[in-house]
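Quick notes on the structure that follows.
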There are 2 protein chains.
Amino acid sequence: MRKQDITIYDVAREAKVSMATVSRVVNGNTNVRKDTRERVLKVINRLHYQPNAVAQGLASKRTTTVGLIVPDLTNLYFAELSKGIDDIALLYKYNIIITSIENRLMKEDQAIQGLLNKQVDGIIYMSDNLPEEAAEAFKRTDTPVVLAGTKSNHQEFPSVAIDYMKADTESLNLLYNDGKKNLALVLDDPDTVVNAENRIPAYKKFMADHNLGEGHIYSNIKDHSDGYNLYSQLRQDGIDGVIVTRDITAVGILNAATDAGTKIPEEMEIVTASATQIASVVRPALTAIRQPLYDIGAVAMRLLTKLMNNEEIDKKQIELPYELLKKQSTANK
Amino acid sequence: MRKQDITIYDVAREAKVSMATVSRVVNGNTNVRKDTRERVLKVINRLHYQPNAVAQGLASKRTTTVGLIVPDLTNLYFAELSKGIDDIALLYKYNIIITSIENRLMKEDQAIQGLLNKQVDGIIYMSDNLPEEAAEAFKRTDTPVVLAGTKSNHQEFPSVAIDYMKADTESLNLLYNDGKKNLALVLDDPDTVVNAENRIPAYKKFMADHNLGEGHIYSNIKDHSDGYNLYSQLRQDGIDGVIVTRDITAVGILNAATDAGTKIPEEMEIVTASATQIASVVRPALTAIRQPLYDIGAVAMRLLTKLMNNEEIDKKQIELPYELLKKQSTANK
DNA sequence: TTGAAAGCGCTAACAG
DNA sequence: CTGTTAGCGCTTTCAA
């Protein structure tokens, strides 16, 4: 076993100091005389001593580890968020334990409990949906939590996101100004807070404000083939403009339209409510609400570092600006 | 602090047993009388006791945590691999610490050392490139390592991948049979083992075997815009068939061709050497080597669990079958 | 500026 | 089947 043969004790013995002093050197404590520090450092290098983070964690009650809860890593939306989180975590020397929870044995509150058992110093929660049990689990603990790229009814949880309502309204307006009046909303999941409390109300309000009738909301349209298959229904319902929550779904609709010979954007306009790389590489390129995913992740992680250090927070709910990227799937008159 | 107020000691006292017994029931040890077990369990539930995984890790020298080293999470290639890993990790109750190493402060060997300090029970390494220092770091430790979706010159490291040489040869043959003779190879990084030792030799051999001359190898073409910009060079060089390592790059070439009015596949055929979701949603859809990424990840993680349990391994180098998916970017005569 | 000593919460012999 | 007793490797008072 070469795994961990040299401990702080070995270093102490070789350097003829106490463990406490080695600990001080390792942790950059200034209360060590310069020559003592150098002597210890020399031994550390000679022995290739590396601190055991688990023992440090147990003794200090800080693991310099944060937990990430994410529905699905292969959804670029979350991958891009994660990248922002990861970069800032690296900067502040935190490791990341990642837990995916997509349609699985693993429920949200179990994921949380698992992370808590590992004694993470904080948690970033990225799923659209925060079930009541998960919220309860968060409330029971002192471990700080930040929601990234999503919203919750629980105002007590710090979050970083965009103004979904405003973004959707702006998108609908773009379609409307292009002369499209049979507008539809295509949702992945109608029950998430973002959809139920932001997108749907925004849509309904817009339709009412412009006397466009009830409109059409399509739910549980989650992937490329769902979108592809939805297309004929859209045509049947006379839809000429559509907002789609996921861009991969929007691509499905787009491809179905192309295959059917429908002219985009002339006969139908498409806007996706969350742009990842995919939205920009398909042809025609998709008009999209560009959420600053990397930044949302980065800001969320930065916020979490503050919470973990018990620093003062000026604002718990952070809203970042989005962009409406006008591409080829809308006329943009 | 509600964080960790109740310990195994509290449970022991309340249940009128020793810590050892509580530990036994927590760990499912069978040497506990049924009624004792139930009594302890009752107290555990009443007190909402949760074991401190850090303390468990220190005492048992097993953290039930594995480290993942990945270049870039937003590259779907790695995201899909990760998903396979994650699912099997969940099955075996391991947590995952993820470390990205793309063009950053964090070098491979530092990432490894960081994971080792956290006392991970094993490591899965997914980067195409295994620098010498990283290989050295792996050799110095007893912590098992598995390479997933990549190859190394170091035969001592267990790995799970496909036969890149065979896959590329088959792809080249497809182009050749379609009548394309000016074949090119477009690489992300010419120095990775997969490319240097597998793809390039396969390409050179194929060209030589079929008297197609020297051919053209384009290097450091890594993303959509690299691919897009490369297109005119390809035309200039008279290329009519191309194998591209990354599918996002292939999409760049495809889009440039489309924008230039080049007919795909008539005037140019494209095959991507690694298919992610992107390859199938663009139009024309890309002919692709479909590596079973999810499976590669899953098998790699399963292999790692065996190594972590010191089980017998029959084969350290596992090769999984790939498929050559013929789509619209090749004629497929 | 340094050291001694008491844990952190748990596991794992070893006895009984 | 259960309890006692050492630690695991480190941090952190408290004294000196």
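By order in the structure tokens, chains are A, B, ...; within a chain, residues start at 1; ligands start at 1, following the order shown.
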Extract, using only C-alpha atoms (C1' of nucleotides), all DNA, RNA and protein residues at most 12 Å from DT11 in chain C, discarding same-chain residues fewer than 6 positions from it, and format them as a PyMOL selection string.
(chain B and resi 8+19-24+26-27+53+55-62) or (chain D and resi 5-8)
Pick out each residue of range 167-283 of chain A that DSSP on the backbone tags as helix (DSSP H, G or I); I need them as JSON, numbers by chain.
{"A": [167, 168, 169, 170, 171, 172, 173, 174, 175, 176, 177, 193, 194, 195, 196, 197, 198, 199, 200, 201, 202, 203, 204, 205, 206, 207, 208, 209, 224, 225, 226, 227, 228, 229, 230, 231, 232, 233, 234, 235, 236, 247, 248, 249, 250, 251, 252, 253, 254, 255, 256, 257, 258, 259, 260, 277, 278, 279, 280, 281]}
Please produce a file of the residues just selected, as a PDB file, in the first residue's frame, where the atoms kept are C-alpha atoms.
ATOM      1  CA  ALA A 167     -38.055  36.831 -22.230  1.00  0.00           C
ATOM      2  CA  ASP A 168     -41.096  34.902 -23.366  1.00  0.00           C
ATOM      3  CA  THR A 169     -43.173  37.997 -23.804  1.00  0.00           C
ATOM      4  CA  GLU A 170     -40.468  39.534 -25.921  1.00  0.00           C
ATOM      5  CA  SER A 171     -40.322  36.391 -28.022  1.00  0.00           C
ATOM      6  CA  LEU A 172     -44.065  36.318 -28.525  1.00  0.00           C
ATOM      7  CA  ASN A 173     -43.924  39.911 -29.521  1.00  0.00           C
ATOM      8  CA  LEU A 174     -41.358  39.141 -32.166  1.00  0.00           C
ATOM      9  CA  LEU A 175     -43.649  36.522 -33.672  1.00  0.00           C
ATOM     10  CA  TYR A 176     -46.606  38.855 -33.421  1.00  0.00           C
ATOM     11  CA  ASN A 177     -44.828  41.674 -35.165  1.00  0.00           C
ATOM     12  CA  VAL A 193     -42.115  26.391 -11.536  1.00  0.00           C
ATOM     13  CA  VAL A 194     -40.446  28.092 -14.467  1.00  0.00           C
ATOM     14  CA  ASN A 195     -43.197  26.913 -16.775  1.00  0.00           C
ATOM     15  CA  ALA A 196     -46.180  26.996 -14.462  1.00  0.00           C
ATOM     16  CA  GLU A 197     -45.383  30.327 -12.855  1.00  0.00           C
ATOM     17  CA  ASN A 198     -43.562  32.149 -15.606  1.00  0.00           C
ATOM     18  CA  ARG A 199     -43.912  30.882 -19.148  1.00  0.00           C
ATOM     19  CA  ILE A 200     -47.565  29.877 -19.065  1.00  0.00           C
ATOM     20  CA  PRO A 201     -48.762  33.086 -17.383  1.00  0.00           C
ATOM     21  CA  ALA A 202     -46.660  35.127 -19.801  1.00  0.00           C
ATOM     22  CA  TYR A 203     -48.188  33.292 -22.721  1.00  0.00           C
ATOM     23  CA  LYS A 204     -51.753  33.597 -21.462  1.00  0.00           C
ATOM     24  CA  LYS A 205     -51.346  37.237 -20.702  1.00  0.00           C
ATOM     25  CA  PHE A 206     -49.915  37.940 -24.115  1.00  0.00           C
ATOM     26  CA  MET A 207     -52.708  36.103 -25.887  1.00  0.00           C
ATOM     27  CA  ALA A 208     -55.329  37.925 -23.855  1.00  0.00           C
ATOM     28  CA  ASP A 209     -53.702  41.323 -24.262  1.00  0.00           C
ATOM     29  CA  HIS A 224     -36.135  15.691 -30.879  1.00  0.00           C
ATOM     30  CA  SER A 225     -38.638  13.044 -31.822  1.00  0.00           C
ATOM     31  CA  ASP A 226     -41.357  14.533 -29.615  1.00  0.00           C
ATOM     32  CA  GLY A 227     -40.864  17.764 -31.507  1.00  0.00           C
ATOM     33  CA  TYR A 228     -40.727  16.026 -34.832  1.00  0.00           C
ATOM     34  CA  ASN A 229     -43.964  14.207 -34.143  1.00  0.00           C
ATOM     35  CA  LEU A 230     -45.692  17.275 -32.823  1.00  0.00           C
ATOM     36  CA  TYR A 231     -45.271  19.092 -36.084  1.00  0.00           C
ATOM     37  CA  SER A 232     -48.294  17.645 -37.879  1.00  0.00           C
ATOM     38  CA  GLN A 233     -50.449  18.540 -34.904  1.00  0.00           C
ATOM     39  CA  LEU A 234     -49.194  22.083 -35.067  1.00  0.00           C
ATOM     40  CA  ARG A 235     -50.144  22.301 -38.723  1.00  0.00           C
ATOM     41  CA  GLN A 236     -53.505  20.792 -38.030  1.00  0.00           C
ATOM     42  CA  ASP A 247     -33.885  23.768 -28.318  1.00  0.00           C
ATOM     43  CA  ILE A 248     -33.488  20.108 -29.194  1.00  0.00           C
ATOM     44  CA  THR A 249     -37.275  19.937 -29.353  1.00  0.00           C
ATOM     45  CA  ALA A 250     -37.384  23.038 -31.512  1.00  0.00           C
ATOM     46  CA  VAL A 251     -34.940  21.349 -33.859  1.00  0.00           C
ATOM     47  CA  GLY A 252     -37.335  18.417 -34.081  1.00  0.00           C
ATOM     48  CA  ILE A 253     -40.134  20.691 -35.155  1.00  0.00           C
ATOM     49  CA  LEU A 254     -37.818  22.462 -37.549  1.00  0.00           C
ATOM     50  CA  ASN A 255     -36.686  19.232 -39.175  1.00  0.00           C
ATOM     51  CA  ALA A 256     -40.237  17.983 -39.529  1.00  0.00           C
ATOM     52  CA  ALA A 257     -41.199  21.254 -41.161  1.00  0.00           C
ATOM     53  CA  THR A 258     -38.253  21.082 -43.529  1.00  0.00           C
ATOM     54  CA  ASP A 259     -39.046  17.488 -44.415  1.00  0.00           C
ATOM     55  CA  ALA A 260     -42.655  18.433 -45.058  1.00  0.00           C
ATOM     56  CA  GLN A 277     -24.899  25.148 -29.157  1.00  0.00           C
ATOM     57  CA  ILE A 278     -27.457  23.073 -31.037  1.00  0.00           C
ATOM     58  CA  ALA A 279     -29.705  26.032 -31.783  1.00  0.00           C
ATOM     59  CA  SER A 280     -26.988  27.805 -33.692  1.00  0.00           C
ATOM     60  CA  VAL A 281     -25.638  24.935 -35.771  1.00  0.00           C
TER      61      VAL A 281
END
Provide the CA of Tyr92 in chain B to CA of Arg302 in chain B distance in Å, to one decimal place.
8.7 Å
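Using only C-alpha atoms, the chain B residues found within 7 Å of chain A amount to Met1, Arg2, Lys3, Gln50, Pro51, Asn52, Ala53, Val54, Ala55, Gly57, Leu58, Leu73, Thr74, Leu76, Ala79, Glu80, Lys83, Asn95, Ile96, Ile97, Ile98, Asn117, Lys118, Gln119, Thr141, Asp142, Ile278 and Val282 of chain B.
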Write the residues you've just listed into a file as a tab-separated table (two decimals), in the first residue's frame, and include N, CA and C atoms for each of them.
chain	number	residue	atom	x	y	z
B	1	MET	N	-26.44	24.95	14.96
B	1	MET	CA	-25.96	23.95	13.97
B	1	MET	C	-26.80	22.68	14.03
B	2	ARG	N	-27.61	22.50	13.06
B	2	ARG	CA	-28.41	21.29	12.97
B	2	ARG	C	-27.70	20.28	12.07
B	3	LYS	N	-26.56	20.70	11.57
B	3	LYS	CA	-25.89	19.95	10.52
B	3	LYS	C	-25.63	18.49	10.89
B	50	GLN	N	-28.19	10.05	10.40
B	50	GLN	CA	-27.56	9.81	9.10
B	50	GLN	C	-26.06	9.68	9.32
B	51	PRO	N	-25.47	8.63	8.81
B	51	PRO	CA	-24.03	8.44	9.03
B	51	PRO	C	-23.21	9.55	8.37
B	52	ASN	N	-22.15	9.91	9.00
B	52	ASN	CA	-21.22	10.89	8.46
B	52	ASN	C	-20.23	10.14	7.57
B	53	ALA	N	-20.38	10.36	6.27
B	53	ALA	CA	-19.58	9.61	5.31
B	53	ALA	C	-18.10	9.94	5.41
B	54	VAL	N	-17.79	11.13	5.89
B	54	VAL	CA	-16.39	11.51	6.01
B	54	VAL	C	-15.73	10.70	7.12
B	55	ALA	N	-16.42	10.57	8.23
B	55	ALA	CA	-15.90	9.77	9.33
B	55	ALA	C	-15.80	8.31	8.92
B	57	GLY	N	-15.34	7.25	5.98
B	57	GLY	CA	-14.22	7.15	5.05
B	57	GLY	C	-12.88	7.10	5.76
B	58	LEU	N	-12.76	7.91	6.77
B	58	LEU	CA	-11.49	7.96	7.49
B	58	LEU	C	-11.24	6.64	8.23
B	73	LEU	N	-17.10	19.14	-20.26
B	73	LEU	CA	-18.44	18.59	-20.09
B	73	LEU	C	-19.40	19.02	-21.18
B	74	THR	N	-19.13	20.14	-21.82
B	74	THR	CA	-20.07	20.61	-22.84
B	74	THR	C	-19.80	19.94	-24.18
B	76	LEU	N	-20.51	16.84	-26.02
B	76	LEU	CA	-21.46	15.76	-25.80
B	76	LEU	C	-20.81	14.39	-25.79
B	79	ALA	N	-20.05	13.99	-22.29
B	79	ALA	CA	-21.28	14.00	-21.50
B	79	ALA	C	-21.98	12.65	-21.60
B	80	GLU	N	-21.98	12.07	-22.79
B	80	GLU	CA	-22.66	10.78	-22.96
B	80	GLU	C	-21.88	9.66	-22.27
B	83	LYS	N	-22.62	9.83	-18.62
B	83	LYS	CA	-23.92	9.31	-18.24
B	83	LYS	C	-23.86	7.81	-17.96
B	95	ASN	N	-20.35	7.76	-5.24
B	95	ASN	CA	-20.51	9.16	-5.65
B	95	ASN	C	-19.40	9.49	-6.63
B	96	ILE	N	-19.63	10.55	-7.37
B	96	ILE	CA	-18.66	10.94	-8.39
B	96	ILE	C	-18.14	12.35	-8.15
B	97	ILE	N	-16.82	12.46	-8.07
B	97	ILE	CA	-16.21	13.79	-8.05
B	97	ILE	C	-15.69	14.05	-9.44
B	98	ILE	N	-16.14	15.12	-10.03
B	98	ILE	CA	-15.79	15.39	-11.42
B	98	ILE	C	-14.76	16.52	-11.49
B	117	ASN	N	-5.96	12.96	-3.02
B	117	ASN	CA	-6.04	13.57	-1.69
B	117	ASN	C	-7.43	13.39	-1.09
B	118	LYS	N	-8.43	13.44	-1.96
B	118	LYS	CA	-9.79	13.22	-1.46
B	118	LYS	C	-10.05	11.75	-1.19
B	119	GLN	N	-9.06	10.93	-1.41
B	119	GLN	CA	-9.15	9.51	-1.11
B	119	GLN	C	-10.21	8.79	-1.93
B	141	THR	N	0.35	5.33	-7.58
B	141	THR	CA	-0.72	5.05	-6.62
B	141	THR	C	-1.27	3.64	-6.76
B	142	ASP	N	-1.91	3.18	-5.70
B	142	ASP	CA	-2.59	1.89	-5.76
B	142	ASP	C	-4.04	2.05	-6.17
B	278	ILE	N	-25.86	15.57	-31.91
B	278	ILE	CA	-25.77	16.61	-32.93
B	278	ILE	C	-25.71	16.04	-34.34
B	282	VAL	N	-28.80	17.38	-37.46
B	282	VAL	CA	-28.54	18.34	-38.53
B	282	VAL	C	-29.05	17.76	-39.84
Can you tell me how far CA of Leu130 in chain B sits from CA of Pro144 in chain B, in Å to one decimal?
15.5 Å
Give me, as a ChimeraX atom specification, the contact residues of chain C against chain B at a cut-off of 9 Å, counting only C-alpha atoms (C1' of nucleotides).
/C:8-12
Based on the selection just made, write all heavy atoms of those residues as a short mmCIF file (atom, residue, chain, number, x, y, z; two decimals), in the first residue's frame.
data_model
loop_
_atom_site.label_atom_id
_atom_site.label_comp_id
_atom_site.auth_asym_id
_atom_site.auth_seq_id
_atom_site.Cartn_x
_atom_site.Cartn_y
_atom_site.Cartn_z
P DC C 8 -15.88 15.11 19.74
OP1 DC C 8 -16.81 16.12 20.31
OP2 DC C 8 -16.05 13.69 20.02
"O5'" DC C 8 -15.83 15.26 18.16
"C5'" DC C 8 -15.56 16.48 17.50
"C4'" DC C 8 -15.41 16.19 16.02
"O4'" DC C 8 -14.04 15.88 15.73
"C3'" DC C 8 -16.24 14.99 15.57
"O3'" DC C 8 -17.42 15.47 14.93
"C2'" DC C 8 -15.34 14.24 14.60
"C1'" DC C 8 -13.95 14.87 14.76
N1 DC C 8 -12.85 13.97 15.21
C2 DC C 8 -11.64 13.94 14.54
O2 DC C 8 -11.51 14.67 13.54
N3 DC C 8 -10.65 13.14 14.97
C4 DC C 8 -10.85 12.37 16.06
N4 DC C 8 -9.84 11.60 16.47
C5 DC C 8 -12.08 12.39 16.77
C6 DC C 8 -13.05 13.18 16.31
P DG C 9 -18.88 15.00 15.50
OP1 DG C 9 -19.86 15.91 14.90
OP2 DG C 9 -18.81 14.85 16.96
"O5'" DG C 9 -19.07 13.56 14.88
"C5'" DG C 9 -19.13 13.42 13.47
"C4'" DG C 9 -18.89 11.98 13.12
"O4'" DG C 9 -17.56 11.61 13.54
"C3'" DG C 9 -19.84 10.99 13.79
"O3'" DG C 9 -20.47 10.26 12.76
"C2'" DG C 9 -18.95 10.14 14.67
"C1'" DG C 9 -17.59 10.28 13.99
N9 DG C 9 -16.45 10.12 14.87
C8 DG C 9 -16.34 10.50 16.19
N7 DG C 9 -15.16 10.23 16.70
C5 DG C 9 -14.45 9.63 15.68
C6 DG C 9 -13.14 9.13 15.64
O6 DG C 9 -12.31 9.11 16.55
N1 DG C 9 -12.81 8.61 14.38
C2 DG C 9 -13.65 8.60 13.31
N2 DG C 9 -13.17 8.08 12.19
N3 DG C 9 -14.89 9.06 13.32
C4 DG C 9 -15.23 9.57 14.54
P DC C 10 -21.32 8.96 13.01
OP1 DC C 10 -22.33 8.87 11.96
OP2 DC C 10 -21.71 8.87 14.42
"O5'" DC C 10 -20.23 7.85 12.70
"C5'" DC C 10 -19.73 7.75 11.37
"C4'" DC C 10 -18.54 6.84 11.31
"O4'" DC C 10 -17.63 7.21 12.36
"C3'" DC C 10 -18.87 5.38 11.56
"O3'" DC C 10 -18.86 4.70 10.30
"C2'" DC C 10 -17.77 4.88 12.48
"C1'" DC C 10 -16.87 6.08 12.69
N1 DC C 10 -16.43 6.23 14.09
C2 DC C 10 -15.15 5.82 14.43
O2 DC C 10 -14.42 5.34 13.56
N3 DC C 10 -14.73 5.97 15.71
C4 DC C 10 -15.54 6.50 16.63
N4 DC C 10 -15.09 6.63 17.89
C5 DC C 10 -16.87 6.92 16.30
C6 DC C 10 -17.27 6.76 15.03
P DT C 11 -19.22 3.13 10.28
OP1 DT C 11 -19.70 2.86 8.92
OP2 DT C 11 -20.03 2.76 11.46
"O5'" DT C 11 -17.79 2.47 10.46
"C5'" DT C 11 -16.80 2.72 9.47
"C4'" DT C 11 -15.55 1.93 9.76
"O4'" DT C 11 -15.03 2.27 11.07
"C3'" DT C 11 -15.73 0.41 9.77
"O3'" DT C 11 -14.56 -0.11 9.17
"C2'" DT C 11 -15.83 0.07 11.25
"C1'" DT C 11 -14.88 1.10 11.84
N1 DT C 11 -15.11 1.54 13.25
C2 DT C 11 -14.04 1.57 14.11
O2 DT C 11 -12.92 1.22 13.80
N3 DT C 11 -14.34 2.03 15.37
C4 DT C 11 -15.56 2.45 15.84
O4 DT C 11 -15.70 2.86 16.98
C5 DT C 11 -16.64 2.39 14.88
C7 DT C 11 -18.01 2.84 15.30
C6 DT C 11 -16.37 1.95 13.65
P DA C 12 -14.50 -1.58 8.68
OP1 DA C 12 -13.81 -1.60 7.38
OP2 DA C 12 -15.83 -2.18 8.85
"O5'" DA C 12 -13.51 -2.21 9.76
"C5'" DA C 12 -12.30 -1.55 10.06
"C4'" DA C 12 -11.60 -2.33 11.14
"O4'" DA C 12 -12.09 -1.91 12.43
"C3'" DA C 12 -11.87 -3.83 11.06
"O3'" DA C 12 -10.70 -4.48 11.54
"C2'" DA C 12 -13.04 -4.01 12.01
"C1'" DA C 12 -12.68 -3.01 13.10
N9 DA C 12 -13.80 -2.48 13.85
C8 DA C 12 -15.11 -2.39 13.48
N7 DA C 12 -15.89 -1.84 14.38
C5 DA C 12 -15.02 -1.56 15.43
C6 DA C 12 -15.22 -0.96 16.69
N6 DA C 12 -16.40 -0.53 17.11
N1 DA C 12 -14.15 -0.83 17.48
C2 DA C 12 -12.96 -1.26 17.04
N3 DA C 12 -12.65 -1.81 15.87
C4 DA C 12 -13.74 -1.94 15.11
#
Determine which residues of range 148-249 of chain B DSSP labels as strand (DSSP E) from the backbone of this structure, then write them out as a count of residues only.
15
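What separates CA of Arg39 in chain A from CA of Asp109 in chain B is a distance of 25.7 Å.
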Would you mind listing, as a tab-separated table (two decimals) with all heavy atoms, in the first residue's frame, all residues of chain D that have at least one atom within 6 Å of chain A, where only C-alpha atoms (C1' of nucleotides) are what counts?
chain	number	residue	atom	x	y	z
D	9	DG	P	-3.74	6.82	8.55
D	9	DG	OP1	-3.43	6.34	7.20
D	9	DG	OP2	-2.90	6.43	9.69
D	9	DG	O5'	-3.80	8.41	8.51
D	9	DG	C5'	-4.56	9.06	7.49
D	9	DG	C4'	-4.78	10.49	7.90
D	9	DG	O4'	-5.53	10.51	9.12
D	9	DG	C3'	-3.50	11.28	8.18
D	9	DG	O3'	-3.53	12.43	7.36
D	9	DG	C2'	-3.55	11.60	9.66
D	9	DG	C1'	-5.05	11.56	9.93
D	9	DG	N9	-5.43	11.24	11.29
D	9	DG	C8	-4.77	10.39	12.16
D	9	DG	N7	-5.37	10.30	13.32
D	9	DG	C5	-6.48	11.14	13.21
D	9	DG	C6	-7.48	11.45	14.17
D	9	DG	O6	-7.61	11.02	15.32
D	9	DG	N1	-8.42	12.34	13.65
D	9	DG	C2	-8.38	12.86	12.37
D	9	DG	N2	-9.36	13.70	12.05
D	9	DG	N3	-7.44	12.59	11.48
D	9	DG	C4	-6.53	11.72	11.96
D	10	DC	P	-2.52	13.61	7.46
D	10	DC	OP1	-2.31	14.14	6.12
D	10	DC	OP2	-1.37	13.22	8.29
D	10	DC	O5'	-3.40	14.67	8.26
D	10	DC	C5'	-4.56	15.17	7.62
D	10	DC	C4'	-5.44	15.87	8.62
D	10	DC	O4'	-5.60	15.02	9.77
D	10	DC	C3'	-4.88	17.18	9.17
D	10	DC	O3'	-5.54	18.26	8.53
D	10	DC	C2'	-5.17	17.15	10.65
D	10	DC	C1'	-5.88	15.83	10.88
D	10	DC	N1	-5.42	15.12	12.09
D	10	DC	C2	-6.18	15.19	13.24
D	10	DC	O2	-7.22	15.86	13.24
D	10	DC	N3	-5.77	14.54	14.35
D	10	DC	C4	-4.63	13.84	14.32
D	10	DC	N4	-4.26	13.20	15.45
D	10	DC	C5	-3.82	13.74	13.16
D	10	DC	C6	-4.24	14.41	12.07
D	11	DT	P	-5.09	19.77	8.86
D	11	DT	OP1	-5.51	20.58	7.71
D	11	DT	OP2	-3.69	19.78	9.34
D	11	DT	O5'	-6.04	20.12	10.10
D	11	DT	C5'	-7.45	20.15	9.89
D	11	DT	C4'	-8.15	20.57	11.15
D	11	DT	O4'	-7.79	19.70	12.25
D	11	DT	C3'	-7.83	21.99	11.63
D	11	DT	O3'	-9.06	22.52	12.10
D	11	DT	C2'	-6.84	21.78	12.77
D	11	DT	C1'	-7.34	20.47	13.35
D	11	DT	N1	-6.37	19.59	14.05
D	11	DT	C2	-6.71	19.10	15.30
D	11	DT	O2	-7.74	19.39	15.87
D	11	DT	N3	-5.78	18.25	15.86
D	11	DT	C4	-4.58	17.84	15.31
D	11	DT	O4	-3.85	17.06	15.90
D	11	DT	C5	-4.29	18.39	14.00
D	11	DT	C7	-3.00	18.01	13.30
D	11	DT	C6	-5.17	19.23	13.44
Considering only C-alpha atoms (C1' of nucleotides), return as an NGL selection string whatever protein or nucleic-acid residues lie within 12 Å of Pro265 in chain A, sequence-local ones (same chain, fewer than 2 positions apart) excluded.
:A and (175 or 178-180 or 240-242 or 254 or 257-258 or 261-263 or 267-271 or 283-287 or 326-333)
